[in-house]
>>> print(open('protein09.cif').read())   # mmCIF, C-alpha atoms and all ligand atoms
data_final
#
loop_
_atom_site.label_atom_id
_atom_site.label_comp_id
_atom_site.auth_asym_id
_atom_site.auth_seq_id
_atom_site.Cartn_x
_atom_site.Cartn_y
_atom_site.Cartn_z
CA MET E 860 16.51 -3.51 -5.43
CA ALA E 861 19.94 -4.84 -4.47
CA GLN E 862 20.26 -6.50 -1.04
CA ASP E 863 23.08 -4.18 0.08
CA ILE E 864 20.92 -1.11 -0.61
CA ILE E 865 17.98 -2.67 1.24
CA HIS E 866 20.31 -3.43 4.13
CA MET E 867 21.65 0.13 4.14
CA VAL E 868 18.28 1.93 4.14
CA LEU E 869 17.00 -0.38 6.88
CA LYS E 870 20.03 -0.11 9.16
CA ASN E 871 18.52 2.32 11.70
CA TYR E 872 15.28 0.36 11.76
CA CYS E 873 17.06 -2.98 12.30
CA ASP E 874 19.14 -1.47 15.12
CA PHE E 875 15.91 -0.27 16.71
CA LEU E 876 14.32 -3.72 16.41
CA LYS E 877 17.35 -5.14 18.16
CA ARG E 878 17.02 -2.67 21.04
CA VAL E 879 13.32 -3.52 21.43
CA ASP E 880 14.09 -7.26 21.29
CA ASP E 881 16.78 -6.84 23.95
CA HIS E 882 14.26 -5.14 26.22
CA ILE E 883 11.65 -7.86 25.59
CA GLY E 884 14.30 -10.54 26.22
CA HIS E 885 15.06 -8.94 29.57
CA ILE E 886 11.32 -8.95 30.49
CA GLU E 887 10.91 -12.54 29.35
CA LYS E 888 13.75 -13.60 31.60
CA LYS E 889 12.55 -11.63 34.57
CA TYR E 890 8.89 -12.72 34.30
CA SER E 891 9.38 -16.12 32.67
CA ASP E 892 6.57 -17.72 34.70
CA LYS E 893 4.14 -14.82 34.08
CA ILE E 894 4.20 -14.58 30.29
CA LEU E 895 1.85 -16.89 28.46
CA CYS E 896 2.42 -15.58 24.89
CA LYS E 897 3.12 -18.56 22.65
CA LYS E 898 2.58 -19.95 19.17
CA GLY E 899 -1.17 -20.30 18.56
CA CYS E 900 -2.00 -17.37 20.83
CA ASP E 901 -2.94 -15.02 18.00
CA ALA E 902 -5.58 -12.63 19.35
CA CYS E 903 -3.20 -9.69 18.74
CA CYS E 904 -2.69 -10.52 15.08
CA LYS E 905 -5.17 -8.07 13.61
CA PHE E 906 -4.91 -6.22 10.31
CA LEU E 907 -2.10 -3.64 10.66
CA THR E 908 -1.13 -0.34 9.14
CA LEU E 909 2.58 0.44 9.02
CA PHE E 910 5.04 3.28 8.61
CA GLY E 911 6.89 3.33 5.30
CA VAL E 912 10.09 1.93 6.81
CA GLU E 913 8.21 -0.97 8.42
CA ALA E 914 6.32 -1.61 5.20
CA PHE E 915 9.57 -1.65 3.23
CA ALA E 916 11.19 -4.07 5.72
CA ILE E 917 8.27 -6.49 5.77
CA SER E 918 8.03 -6.33 1.99
CA ALA E 919 11.73 -7.20 1.62
CA ALA E 920 11.19 -10.21 3.91
CA PHE E 921 7.96 -11.23 2.16
CA MET E 922 9.68 -11.28 -1.24
CA LYS E 923 12.10 -13.89 0.13
CA LEU E 924 9.33 -16.30 1.16
CA PRO E 925 8.76 -19.35 -1.06
CA GLU E 926 6.26 -18.65 -3.82
CA GLU E 927 3.67 -21.07 -2.37
CA MET E 928 3.70 -19.18 0.92
CA GLN E 929 3.40 -15.82 -0.86
CA ASP E 930 0.36 -17.24 -2.68
CA LEU E 931 -1.25 -18.39 0.57
CA VAL E 932 -0.79 -14.93 2.08
CA THR E 933 -2.13 -13.25 -1.07
CA LYS E 934 -5.23 -15.48 -0.97
CA LYS E 935 -5.73 -14.58 2.66
CA ILE E 936 -5.65 -10.88 1.77
CA GLU E 937 -8.47 -11.52 -0.71
CA LYS E 938 -10.71 -13.34 1.75
CA GLU E 939 -10.02 -11.93 5.21
CA LYS E 940 -10.33 -8.35 6.22
CA ASP E 941 -9.73 -8.37 9.98
CA ALA E 942 -6.87 -10.77 10.65
CA CYS E 943 -3.29 -10.08 9.61
CA PRO E 944 -2.65 -11.89 6.30
CA LEU E 945 0.72 -13.15 7.59
CA LEU E 946 -1.07 -15.31 10.15
CA ILE E 947 -1.19 -18.75 8.54
CA ASP E 948 -2.24 -21.80 10.58
CA ARG E 949 -2.20 -19.60 13.68
CA ALA E 950 1.48 -18.69 13.31
CA CYS E 951 3.21 -15.64 11.83
CA VAL E 952 5.06 -16.60 8.66
CA LEU E 953 7.43 -13.64 9.12
CA TYR E 954 7.78 -13.85 12.88
CA SER E 955 11.44 -12.85 13.03
CA GLU E 956 10.70 -9.88 10.74
CA ARG E 957 7.49 -8.74 12.42
CA PRO E 958 6.94 -5.00 13.04
CA ILE E 959 7.57 -3.25 16.35
CA ILE E 960 3.96 -3.36 17.50
CA CYS E 961 3.93 -7.16 17.16
CA ARG E 962 7.09 -7.39 19.26
CA THR E 963 5.72 -5.30 22.11
CA HIS E 964 2.17 -6.69 22.18
CA GLY E 965 1.34 -8.33 25.48
CA TYR E 966 4.28 -6.76 27.34
CA PRO E 967 3.95 -3.85 29.76
CA ILE E 968 3.85 -0.49 28.03
CA TYR E 969 3.08 2.87 29.58
CA MET E 970 1.82 6.24 28.50
CA GLU E 971 1.47 9.50 30.37
CA LYS E 972 -1.67 11.60 30.17
CA ASP E 973 -2.45 14.69 32.24
CA GLY E 974 0.36 13.81 34.63
CA GLU E 975 -0.94 10.28 35.18
CA ILE E 976 0.74 7.08 34.06
CA PHE E 977 -1.30 4.36 32.40
CA ILE E 978 0.15 0.86 32.11
CA ASP E 979 -1.16 -1.73 29.70
CA PHE E 980 -0.33 -5.40 28.98
CA CYS E 981 -2.13 -8.53 27.83
CA PRO E 982 -4.54 -9.67 30.59
CA GLU E 983 -3.37 -13.26 30.01
CA ASN E 984 0.12 -12.23 31.15
CA PHE E 985 1.52 -10.99 34.45
CA LYS E 986 -1.28 -12.46 36.58
CA GLY E 987 -0.66 -11.49 40.20
CA VAL E 988 1.81 -8.72 39.30
CA SER E 989 0.59 -5.47 40.83
CA SER E 990 3.41 -3.12 39.85
CA PHE E 991 6.42 -2.97 37.55
CA PRO E 992 9.84 -1.41 38.03
CA LYS E 993 10.52 1.40 35.53
CA ASP E 994 13.05 -0.70 33.58
CA ALA E 995 10.34 -3.29 32.86
CA LEU E 996 8.16 -0.76 31.07
CA LEU E 997 8.28 0.48 27.50
CA SER E 998 7.19 4.05 26.88
CA ILE E 999 4.74 4.03 23.99
CA GLU E 1000 5.51 7.68 23.34
CA GLN E 1001 9.23 7.04 23.12
CA LEU E 1002 8.68 4.08 20.79
CA ASN E 1003 6.50 6.19 18.50
CA THR E 1004 8.90 9.15 18.54
CA THR E 1005 11.87 6.94 17.66
CA LEU E 1006 9.98 5.10 14.94
CA THR E 1007 8.74 8.39 13.47
CA ALA E 1008 12.31 9.75 13.33
CA ILE E 1009 13.63 6.53 11.74
CA ASN E 1010 10.79 6.62 9.23
CA ARG E 1011 11.52 10.25 8.32
CA HIS E 1012 15.16 9.45 7.72
CA PHE E 1013 14.17 6.39 5.66
CA LEU E 1014 11.78 8.44 3.49
CA GLU E 1015 14.58 10.92 2.77
CA SER E 1016 16.87 8.11 1.67
CA ILE E 1017 14.62 6.45 -0.93
CA GLU E 1018 13.18 7.67 -4.18
CA THR E 1019 9.55 7.00 -5.08
CA ASP E 1020 7.43 8.26 -7.98
CA THR E 1021 4.77 9.41 -5.55
CA PRO E 1022 5.27 10.08 -1.83
CA LEU E 1023 4.41 7.13 0.41
CA PRO E 1024 1.31 7.61 2.57
CA ASP E 1025 1.83 8.15 6.32
CA ARG E 1026 0.46 4.69 7.07
CA ILE E 1027 0.34 1.73 4.70
CA PRO E 1028 -2.07 -1.19 5.17
CA ILE E 1029 -0.21 -4.50 5.48
CA SER E 1030 -2.08 -5.85 2.44
CA LYS E 1031 -0.27 -3.20 0.35
CA ALA E 1032 2.91 -3.06 2.43
CA LEU E 1033 3.86 -6.63 1.50
CA PHE E 1034 4.18 -5.62 -2.16
CA LEU E 1035 5.83 -2.23 -1.61
CA LEU E 1036 9.25 -3.29 -2.85
CA ASN E 1037 7.78 -4.11 -6.28
CA GLU E 1038 6.45 -0.59 -6.53
CA ILE E 1039 9.57 1.33 -5.67
CA GLN E 1040 12.36 -0.50 -7.43
S1 LIG E 1101 3.00 -9.51 11.34
FE1 LIG E 1101 2.95 -11.52 12.33
S2 LIG E 1101 2.95 -11.09 14.53
FE2 LIG E 1101 2.34 -9.20 13.47
S3 LIG E 1101 0.11 -9.20 13.38
FE3 LIG E 1101 0.86 -10.15 11.48
S4 LIG E 1101 0.89 -12.36 11.93
FE4 LIG E 1101 0.80 -11.30 13.90
#
>>> encode(input="protein09.cif", output="structure tokens")
Amino acid sequence: MAQDIIHMVLKNYCDFLKRVDDHIGHIEKKYSDKILCKKGCDACCKFLTLFGVEAFAISAAFMKLPEEMQDLVTKKIEKEKDACPLLIDRACVLYSERPIICRTHGYPIYMEKDGEIFIDFCPENFKGVSSFPKDALLSIEQLNTTLTAINRHFLESIETDTPLPDRIPISKALFLLNEIQ
């Protein structure tokens, strides 16, 4: 598939990634001494399932990796079931292209249930922080709603022989572009 078409169908998704990254950048600045996420800290990097639009984006990035790296990832898919196959030598080989969930992992997110607010973040981070201002929190519901809408729009804009499943395992997502061109 031509790069300009890939770029076009991913525009909304890329804009959304940028908004999430801006938020995370703001948190990183504000809590710079409280965030311990770093290269080699890979406990979050479990096997993922992705929306079609995320699968398409990661596949487009994967196809640009050098062949040797693609082979390493493919071998990892064959031997490991629990870890994300993009985790090689304890680092993500598509870090700048990683999905939304990987960008928000470890940072404070909140969800509302029965009128109560639940806040979650990596226990390694934010030690000694007992509360967060609203602008430091990401609403998990809002993230999901936005991603669902972007995914719906994406699915309407591409043609596939068979409809894409609601969620695509990363082991299949990486090769999605081959299937739909
Ligand atoms: S895509 Fe990258 S950051 Fe996300 S789980 Fe896989 S290795 Fe980790």
>>> closest_atom_pairs(input="protein09.cif", of="chain E", to="ligand LIG 1101 (chain E)", cutoff="8 Å", atoms="all atoms listed in the file", output="tab-separated table")
residue	atom	partner	partner_atom	distance
E:Asp901	CA	E:LIG1101	FE4	6.7
E:Cys903	CA	E:LIG1101	S3	6.3
E:Cys904	CA	E:LIG1101	S3	3.5
E:Lys905	CA	E:LIG1101	S3	5.4
E:Phe906	CA	E:LIG1101	S3	6.6
E:Leu907	CA	E:LIG1101	S3	6.6
E:Ala942	CA	E:LIG1101	S3	7.7
E:Cys943	CA	E:LIG1101	FE3	4.6
E:Pro944	CA	E:LIG1101	FE3	6.5
E:Leu945	CA	E:LIG1101	S4	4.4
E:Leu946	CA	E:LIG1101	S4	4.0
E:Ile947	CA	E:LIG1101	S4	7.5
E:Ala950	CA	E:LIG1101	S4	6.5
E:Cys951	CA	E:LIG1101	S4	4.0
E:Val952	CA	E:LIG1101	FE1	6.6
E:Leu953	CA	E:LIG1101	FE1	5.9
E:Tyr954	CA	E:LIG1101	FE1	5.4
E:Glu956	CA	E:LIG1101	S1	7.7
E:Arg957	CA	E:LIG1101	S1	4.7
E:Pro958	CA	E:LIG1101	S1	6.2
E:Ile960	CA	E:LIG1101	FE2	7.3
E:Cys961	CA	E:LIG1101	FE2	4.5
E:Arg962	CA	E:LIG1101	S2	7.3
>>> closest_residue(input="protein09.cif", among="E:Asn1010, E:Thr933, E:Ser998, E:Ser918", to="His882 of chain E", atoms="all atoms listed in the file")
E:Ser998
>>> closest_residue(input="protein09.cif", among="E:Ile883, E:Ala995, E:Leu924, E:Leu909", to="Leu1035 of chain E", atoms="only C-alpha atoms")
E:Leu909
>>> atom_distance(input="protein09.cif", atom1="atom CA of Lys993 of chain E", atom2="atom CA of Asn871 of chain E")
25.2 Å
>>> residues_around(input="protein09.cif", residues="Thr908 of chain E", least_positions_apart="5", cutoff="6 Å", atoms="all atoms listed in the file", output="NGL selection string")
:E and (1026-1029)
>>> write_last_selection(input="protein09.cif", atoms="C-alpha atoms", output="PDB file, in the frame of the given file")
ATOM      1  CA  ARG E1026       0.460   4.690   7.070  1.00  0.00           C
ATOM      2  CA  ILE E1027       0.340   1.730   4.700  1.00  0.00           C
ATOM      3  CA  PRO E1028      -2.070  -1.190   5.170  1.00  0.00           C
ATOM      4  CA  ILE E1029      -0.210  -4.500   5.480  1.00  0.00           C
TER       5      ILE E1029
END
>>> atom_distance(input="protein09.cif", atom1="atom CA of Leu1002 of chain E", atom2="atom CA of Tyr872 of chain E")
11.8 Å
>>> decode(input="protein09.cif", residues="segment 956-1035 of chain E", atoms="C-alpha atoms", output="PDB file, in the first residue's frame")
ATOM      1  CA  GLU E 956       5.247   3.672  17.164  1.00  0.00           C
ATOM      2  CA  ARG E 957       3.942   1.812  20.206  1.00  0.00           C
ATOM      3  CA  PRO E 958       0.159   1.621  20.789  1.00  0.00           C
ATOM      4  CA  ILE E 959      -1.774   3.885  23.150  1.00  0.00           C
ATOM      5  CA  ILE E 960      -1.814   1.420  26.033  1.00  0.00           C
ATOM      6  CA  CYS E 961       1.992   1.266  25.999  1.00  0.00           C
ATOM      7  CA  ARG E 962       2.172   5.062  26.132  1.00  0.00           C
ATOM      8  CA  THR E 963      -0.121   5.370  29.136  1.00  0.00           C
ATOM      9  CA  HIS E 964       1.185   2.405  31.151  1.00  0.00           C
ATOM     10  CA  GLY E 965       2.599   3.462  34.485  1.00  0.00           C
ATOM     11  CA  TYR E 966       0.995   6.919  34.422  1.00  0.00           C
ATOM     12  CA  PRO E 967      -2.065   7.883  36.457  1.00  0.00           C
ATOM     13  CA  ILE E 968      -5.321   6.844  34.834  1.00  0.00           C
ATOM     14  CA  TYR E 969      -8.777   6.964  36.342  1.00  0.00           C
ATOM     15  CA  MET E 970     -12.102   5.281  35.875  1.00  0.00           C
ATOM     16  CA  GLU E 971     -15.481   5.933  37.441  1.00  0.00           C
ATOM     17  CA  LYS E 972     -17.634   3.131  38.792  1.00  0.00           C
ATOM     18  CA  ASP E 973     -20.865   3.519  40.766  1.00  0.00           C
ATOM     19  CA  GLY E 974     -20.065   7.181  41.369  1.00  0.00           C
ATOM     20  CA  GLU E 975     -16.601   6.405  42.736  1.00  0.00           C
ATOM     21  CA  ILE E 976     -13.307   7.290  41.106  1.00  0.00           C
ATOM     22  CA  PHE E 977     -10.538   4.707  40.947  1.00  0.00           C
ATOM     23  CA  ILE E 978      -6.997   5.835  40.159  1.00  0.00           C
ATOM     24  CA  ASP E 979      -4.291   3.482  38.964  1.00  0.00           C
ATOM     25  CA  PHE E 980      -0.567   3.853  38.149  1.00  0.00           C
ATOM     26  CA  CYS E 981       2.584   1.756  38.324  1.00  0.00           C
ATOM     27  CA  PRO E 982       3.495   1.180  42.004  1.00  0.00           C
ATOM     28  CA  GLU E 983       7.142   1.913  41.121  1.00  0.00           C
ATOM     29  CA  ASN E 984       6.131   5.466  40.182  1.00  0.00           C
ATOM     30  CA  PHE E 985       4.718   8.377  42.172  1.00  0.00           C
ATOM     31  CA  LYS E 986       5.996   7.137  45.540  1.00  0.00           C
ATOM     32  CA  GLY E 987       4.828   9.562  48.215  1.00  0.00           C
ATOM     33  CA  VAL E 988       2.171  11.150  45.985  1.00  0.00           C
ATOM     34  CA  SER E 989      -1.194  10.881  47.721  1.00  0.00           C
ATOM     35  CA  SER E 990      -3.414  12.728  45.252  1.00  0.00           C
ATOM     36  CA  PHE E 991      -3.361  14.073  41.712  1.00  0.00           C
ATOM     37  CA  PRO E 992      -4.867  17.215  40.214  1.00  0.00           C
ATOM     38  CA  LYS E 993      -7.497  16.438  37.559  1.00  0.00           C
ATOM     39  CA  ASP E 994      -5.232  17.586  34.710  1.00  0.00           C
ATOM     40  CA  ALA E 995      -2.663  14.936  35.685  1.00  0.00           C
ATOM     41  CA  LEU E 996      -5.135  12.109  35.154  1.00  0.00           C
ATOM     42  CA  LEU E 997      -6.152  10.318  31.989  1.00  0.00           C
ATOM     43  CA  SER E 998      -9.697   9.021  31.810  1.00  0.00           C
ATOM     44  CA  ILE E 999      -9.561   5.416  30.655  1.00  0.00           C
ATOM     45  CA  GLU E1000     -13.154   5.681  29.472  1.00  0.00           C
ATOM     46  CA  GLN E1001     -12.413   8.734  27.362  1.00  0.00           C
ATOM     47  CA  LEU E1002      -9.330   7.074  25.870  1.00  0.00           C
ATOM     48  CA  ASN E1003     -11.351   3.994  24.940  1.00  0.00           C
ATOM     49  CA  THR E1004     -14.249   6.012  23.526  1.00  0.00           C
ATOM     50  CA  THR E1005     -11.929   8.100  21.351  1.00  0.00           C
ATOM     51  CA  LEU E1006      -9.972   5.084  20.160  1.00  0.00           C
ATOM     52  CA  THR E1007     -13.188   3.215  19.356  1.00  0.00           C
ATOM     53  CA  ALA E1008     -14.456   6.160  17.274  1.00  0.00           C
ATOM     54  CA  ILE E1009     -11.125   6.484  15.430  1.00  0.00           C
ATOM     55  CA  ASN E1010     -11.127   2.747  14.795  1.00  0.00           C
ATOM     56  CA  ARG E1011     -14.677   2.839  13.408  1.00  0.00           C
ATOM     57  CA  HIS E1012     -13.755   5.626  11.036  1.00  0.00           C
ATOM     58  CA  PHE E1013     -10.605   3.735   9.997  1.00  0.00           C
ATOM     59  CA  LEU E1014     -12.574   0.535   9.287  1.00  0.00           C
ATOM     60  CA  GLU E1015     -14.939   2.507   7.053  1.00  0.00           C
ATOM     61  CA  SER E1016     -12.018   3.902   5.092  1.00  0.00           C
ATOM     62  CA  ILE E1017     -10.255   0.649   4.175  1.00  0.00           C
ATOM     63  CA  GLU E1018     -11.312  -2.309   2.102  1.00  0.00           C
ATOM     64  CA  THR E1019     -10.675  -5.853   3.293  1.00  0.00           C
ATOM     65  CA  ASP E1020     -11.801  -9.205   1.870  1.00  0.00           C
ATOM     66  CA  THR E1021     -13.158 -10.198   5.259  1.00  0.00           C
ATOM     67  CA  PRO E1022     -14.034  -7.820   8.111  1.00  0.00           C
ATOM     68  CA  LEU E1023     -11.252  -7.332  10.645  1.00  0.00           C
ATOM     69  CA  PRO E1024     -11.927  -8.834  14.078  1.00  0.00           C
ATOM     70  CA  ASP E1025     -12.677  -6.428  16.952  1.00  0.00           C
ATOM     71  CA  ARG E1026      -9.306  -7.152  18.529  1.00  0.00           C
ATOM     72  CA  ILE E1027      -6.211  -8.461  16.765  1.00  0.00           C
ATOM     73  CA  PRO E1028      -3.374 -10.226  18.615  1.00  0.00           C
ATOM     74  CA  ILE E1029      -0.052  -8.446  18.113  1.00  0.00           C
ATOM     75  CA  SER E1030       1.432 -11.617  16.604  1.00  0.00           C
ATOM     76  CA  LYS E1031      -1.038 -11.210  13.710  1.00  0.00           C
ATOM     77  CA  ALA E1032      -1.235  -7.414  13.791  1.00  0.00           C
ATOM     78  CA  LEU E1033       2.402  -7.051  12.730  1.00  0.00           C
ATOM     79  CA  PHE E1034       1.621  -8.723   9.394  1.00  0.00           C
ATOM     80  CA  LEU E1035      -1.749  -7.071   8.777  1.00  0.00           C
TER      81      LEU E1035
END
